[in-house]
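Have a look at the structure below before the remarks.
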Protein chains: 2
Amino acid sequence: MTTSFAQSDALRSEVDRRLRTFVDRQRPLVSGPELSPLLTTAEDFLAGGKRLRPAFCYWGWRGAGGGDDPAIFTAAASLELLQASALIHDDVMDASDLRRGKPAAHRRFQALHERSGWRGSAVQFGEGAAVLLGSLLLVWSGEMWRTSGLPTEALAAAEPVYDLMRTELMCGQYLDLLEQAHGENTFDSALRVALHKSGKYSVEQPLRLGLTLAARGQEPWIDRLCVEYGQKVGIAFQLRDDVLGVFGDPAETGKPAGDDLREGKRTMLIARTLSAASDRQAGEVRLLLGDPGLNADGVERLRTIIEETGALAASEEMIKRYLDDALNSLEQAPITPGAREALAELAVAATSRRS
Amino acid sequence: MTTSFAQSDALRSEVDRRLRTFVDRQRPLVSGPELSPLLTTAEDFLAGGKRLRPAFCYWGWRGAGGGDDPAIFTAAASLELLQASALIHDDVMDASDLRRGKPAAHRRFQALHERSGWRGSAVQFGEGAAVLLGSLLLVWSGEMWRTSGLPTEALAAAEPVYDLMRTELMCGQYLDLLEQAHGENTFDSALRVALHKSGKYSVEQPLRLGLTLAARGQEPWIDRLCVEYGQKVGIAFQLRDDVLGVFGDPAETGKPAGDDLREGKRTMLIARTLSAASDRQAGEVRLLLGDPGLNADGVERLRTIIEETGALAASEEMIKRYLDDALNSLEQAPITPGAREALAELAVAATSRRS
């Protein structure tokens, strides 16, 4: 495992470097005292992150026989711009204050407005600026992808995957809004949202992009690997997210303790809790979940119920089972040994992370 | 003029048809009772509009010798998806209720939430859904452009223009937010916003896209025409917008009378009014402008001041001068006679419109 772990570190610095190069190319267009807050906020957002999506894309490419072409780092890194765009818009939609322990983009622009003593609503200015910055990064992600320097035929082969991924992302996020609005979520509906919002977009499609780029097209074994490994790791990744949103350590997640509970997020973990809860427990969950003023005692009480109903243990069990399935399907796939090792390690990292 | 006006009608139906075909291609991905409101709202938005941007793109293509390739209609029509995206996001940012006489996208999703009796804030749901729909249309515009069927070399030649246009659009909209927030706008700062937000994106860059696609690259005469005709028509277009926002007929604009006044929009027209106003007039403008409860008397009072200061006449004079300059530069450009006639007519239509 040592080799590929070292490779992951190297991959992360390549991705960082390509992102800096791309942003530097845009700098002249977004400079001066007026526009530079857009760029500064973008740079701050791009500096963080685990670079999981670029890693799945890169190892897909290598797995299907792609060489160590510098252009693949650029293409893979472009997925981080897409992710930054989604996070910035997400935080506006959820009215979240924090992202990775620092103010969300819309809060930063709001603070700029307040600090400058401008007229009008600072909140509205902050949200508007964050919507624009998110759209700018969405546009940039496509530009970075297309200008990565990969051969035209490779890009053409992967283009339908790329387009589909972005449509699925927007639709998945809308399904998530609906799921929160419907309220009466079931495990199945939460699972469907997890697959569409995060499973496909975080793991399956980045992997498929890399495989398709290198193989110059889709093939049955690619589809099998993307579904059997990609979707399973993606859902386990989201399950881990659900667990961290309730039990995560604020020092590691950069979010307040029990933040998902205060937001009232309807996750697979919560759906499982409600379906296994006694009437009394279900009543307590409905009362506390989504209370913006939920304090440490309330968080603790909800955590206890989630444990008592067995929902936490069932989620951990499901993560483990999905991970095992994913690792098994890796064994069957006709990919290079180096990629198999790296993808196995990535699957573990994505599902056992602490932030 | 009869010939090219008939051509314009034909062009509009081609654009409409290509948009319907593209949306139909996406339909399977955005179907079912949950996702279909995204598609319905998109279709409603795409059904309206003057198709000016596609027209500038198409006539740029023809002007530089491009043939009647069906693919150019698709590529040009993709600019309407970009425009729909910008309008949907704009209405969220401005908290506008109406667009073309019908509820803005975020208000429709808000109404869906209310009608369905869902939990949580209907306003927040509406805004979130509209942000996602705007992003979806932004993504689709790029997809439609790239899959238009135009030759790869043509698309490659125009790609830098396309990328630049989208970055300029986001930056221009941010400058507009700043202009509204700064409050103390001057004519020069409002002119700069008009150029960046609307001039470049509505006229100059669509035209440049068409010219560059057909010429397979930038050339000095293309740049000259885009600056001298494109920017002038673009600014005159925005000046007409400013005038319509104050004096427009609600039956034609689809917005309440004096809507820009109620919103407190800092336009070139308002900057000119303030710079020519007496102390008393300036005081009245500052008092009334941006008052959300501004009534018909207030609108009438502001209109009178805008006329008395000469700001309205000066704006009409500037529109006329810019239009004359643009028509002169058309005469010098080495483009086909049919395109010259059509672009002259488009310049008039864009600057004398009533909605």
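Identifiers in this document derive from the order of the structure tokens: chains are assigned A, B, ..., residues are numbered from 1 separately in each chain, and ligands are numbered from 1 in order of occurrence.
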
Any idea what's packed within 8 Å of Glu43 in chain A, counting only C-alpha atoms, ignoring anything in its chain fewer than 4 positions away? Could you give it as an mmCIF file with N, CA, C and O atoms, in the first residue's frame?
data_model
loop_
_atom_site.group_PDB
_atom_site.id
_atom_site.type_symbol
_atom_site.label_atom_id
_atom_site.label_comp_id
_atom_site.auth_asym_id
_atom_site.auth_seq_id
_atom_site.Cartn_x
_atom_site.Cartn_y
_atom_site.Cartn_z
ATOM 1 N N VAL A 23 -6.075 28.996 -12.726
ATOM 2 C CA VAL A 23 -6.565 30.248 -12.130
ATOM 3 C C VAL A 23 -5.655 31.406 -12.530
ATOM 4 O O VAL A 23 -6.131 32.509 -12.819
ATOM 5 N N LEU A 39 -11.919 36.218 -7.190
ATOM 6 C CA LEU A 39 -10.783 35.316 -7.380
ATOM 7 C C LEU A 39 -10.233 34.819 -6.036
ATOM 8 O O LEU A 39 -9.911 33.644 -5.883
ATOM 9 N N ALA A 47 -8.276 25.679 -2.444
ATOM 10 C CA ALA A 47 -7.098 25.233 -1.700
ATOM 11 C C ALA A 47 -7.433 24.018 -0.826
ATOM 12 O O ALA A 47 -6.562 23.219 -0.510
#

What's the 8 Å shell around range 240-250 of chain B, counting only C-alpha atoms, without same-chain residues fewer than 4 positions away, as a count of residues only?
21

Near chain B, which residues of chain A fall within 9 Å when you count only C-alpha atoms, and what do they look like as an MDAnalysis selection string?
chainID A and resid 26 29:30 34:35 38 89:90 92:95 113 117:122 124:125 127:129 131:136 138:140 142:143 159 163:164 166:171 173:175 177:178 180:183

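Distances from A:Leu52, A:Leu11, A:Leu239, A:Ala344 to Ser202 in chain A were compared using only C-alpha atoms, and the smallest one belongs to A:Leu52.
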
Kindly give the distance, in Å, that separates CA of Leu346 in chain A and CA of Lys232 in chain A, rounded to a single decimal.
12.7 Å

List as a short mmCIF file (atom, residue, chain, number, x, y, z; two decimals) with C-alpha atoms, in the first residue's frame the protein and nucleic acid residues near Arg224 in chain B, meaning an atom at most 12 Å away when only C-alpha atoms are counted, but skip any in the same chain fewer than 3 places from it.
data_model
loop_
_atom_site.label_atom_id
_atom_site.label_comp_id
_atom_site.auth_asym_id
_atom_site.auth_seq_id
_atom_site.Cartn_x
_atom_site.Cartn_y
_atom_site.Cartn_z
CA GLU B 204 -20.30 41.94 -29.53
CA LEU B 207 -21.40 38.45 -33.45
CA ARG B 208 -17.73 37.60 -32.90
CA LEU B 211 -17.60 35.63 -37.54
CA GLN B 218 -9.82 36.05 -35.40
CA GLU B 219 -8.76 38.65 -37.94
CA PRO B 220 -8.12 42.39 -37.58
CA TRP B 221 -11.26 43.35 -39.52
CA VAL B 227 -15.69 46.75 -31.37
CA GLU B 228 -17.07 49.47 -33.62
CA TYR B 229 -20.42 47.92 -34.44
CA GLY B 230 -20.82 45.36 -31.66
CA GLN B 231 -19.95 47.46 -28.63
CA LYS B 232 -21.85 50.50 -29.90
CA ALA B 326 -22.48 51.30 -35.81
CA SER B 329 -18.73 50.82 -39.42
CA LEU B 330 -20.92 48.17 -41.07
CA GLN B 332 -16.63 49.60 -44.08
CA ALA B 333 -16.62 45.92 -43.10
CA PRO B 334 -15.74 43.32 -45.77
#

Taking the chain letters and numbering used in this document, name the residues of range 56-171 of chain B that DSSP puts in strand (DSSP E or B), as a compact mmCIF listing (two decimals) with N, CA, C and O atoms, in the first residue's frame.
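Dumped to selection-v8.txt:
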# COMPACT_ATOMS: atom_id res chain seq x y z
N LEU B 98 -41.51 39.12 -11.45
CA LEU B 98 -42.02 38.87 -12.80
C LEU B 98 -40.91 38.83 -13.82
O LEU B 98 -39.89 39.50 -13.71
N ARG B 99 -41.17 38.06 -14.86
CA ARG B 99 -40.29 38.02 -16.03
C ARG B 99 -41.19 37.85 -17.24
O ARG B 99 -41.95 36.88 -17.29
N LYS B 102 -44.82 37.06 -16.59
CA LYS B 102 -45.20 35.85 -15.86
C LYS B 102 -44.30 35.72 -14.63
O LYS B 102 -43.26 36.36 -14.55
N PRO B 103 -44.71 34.87 -13.68
CA PRO B 103 -43.88 34.75 -12.47
C PRO B 103 -42.45 34.32 -12.81
O PRO B 103 -42.24 33.48 -13.69

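Take CA of Asp297 in chain A and CA of Ser189 in chain A: the distance between them is 29.4 Å.
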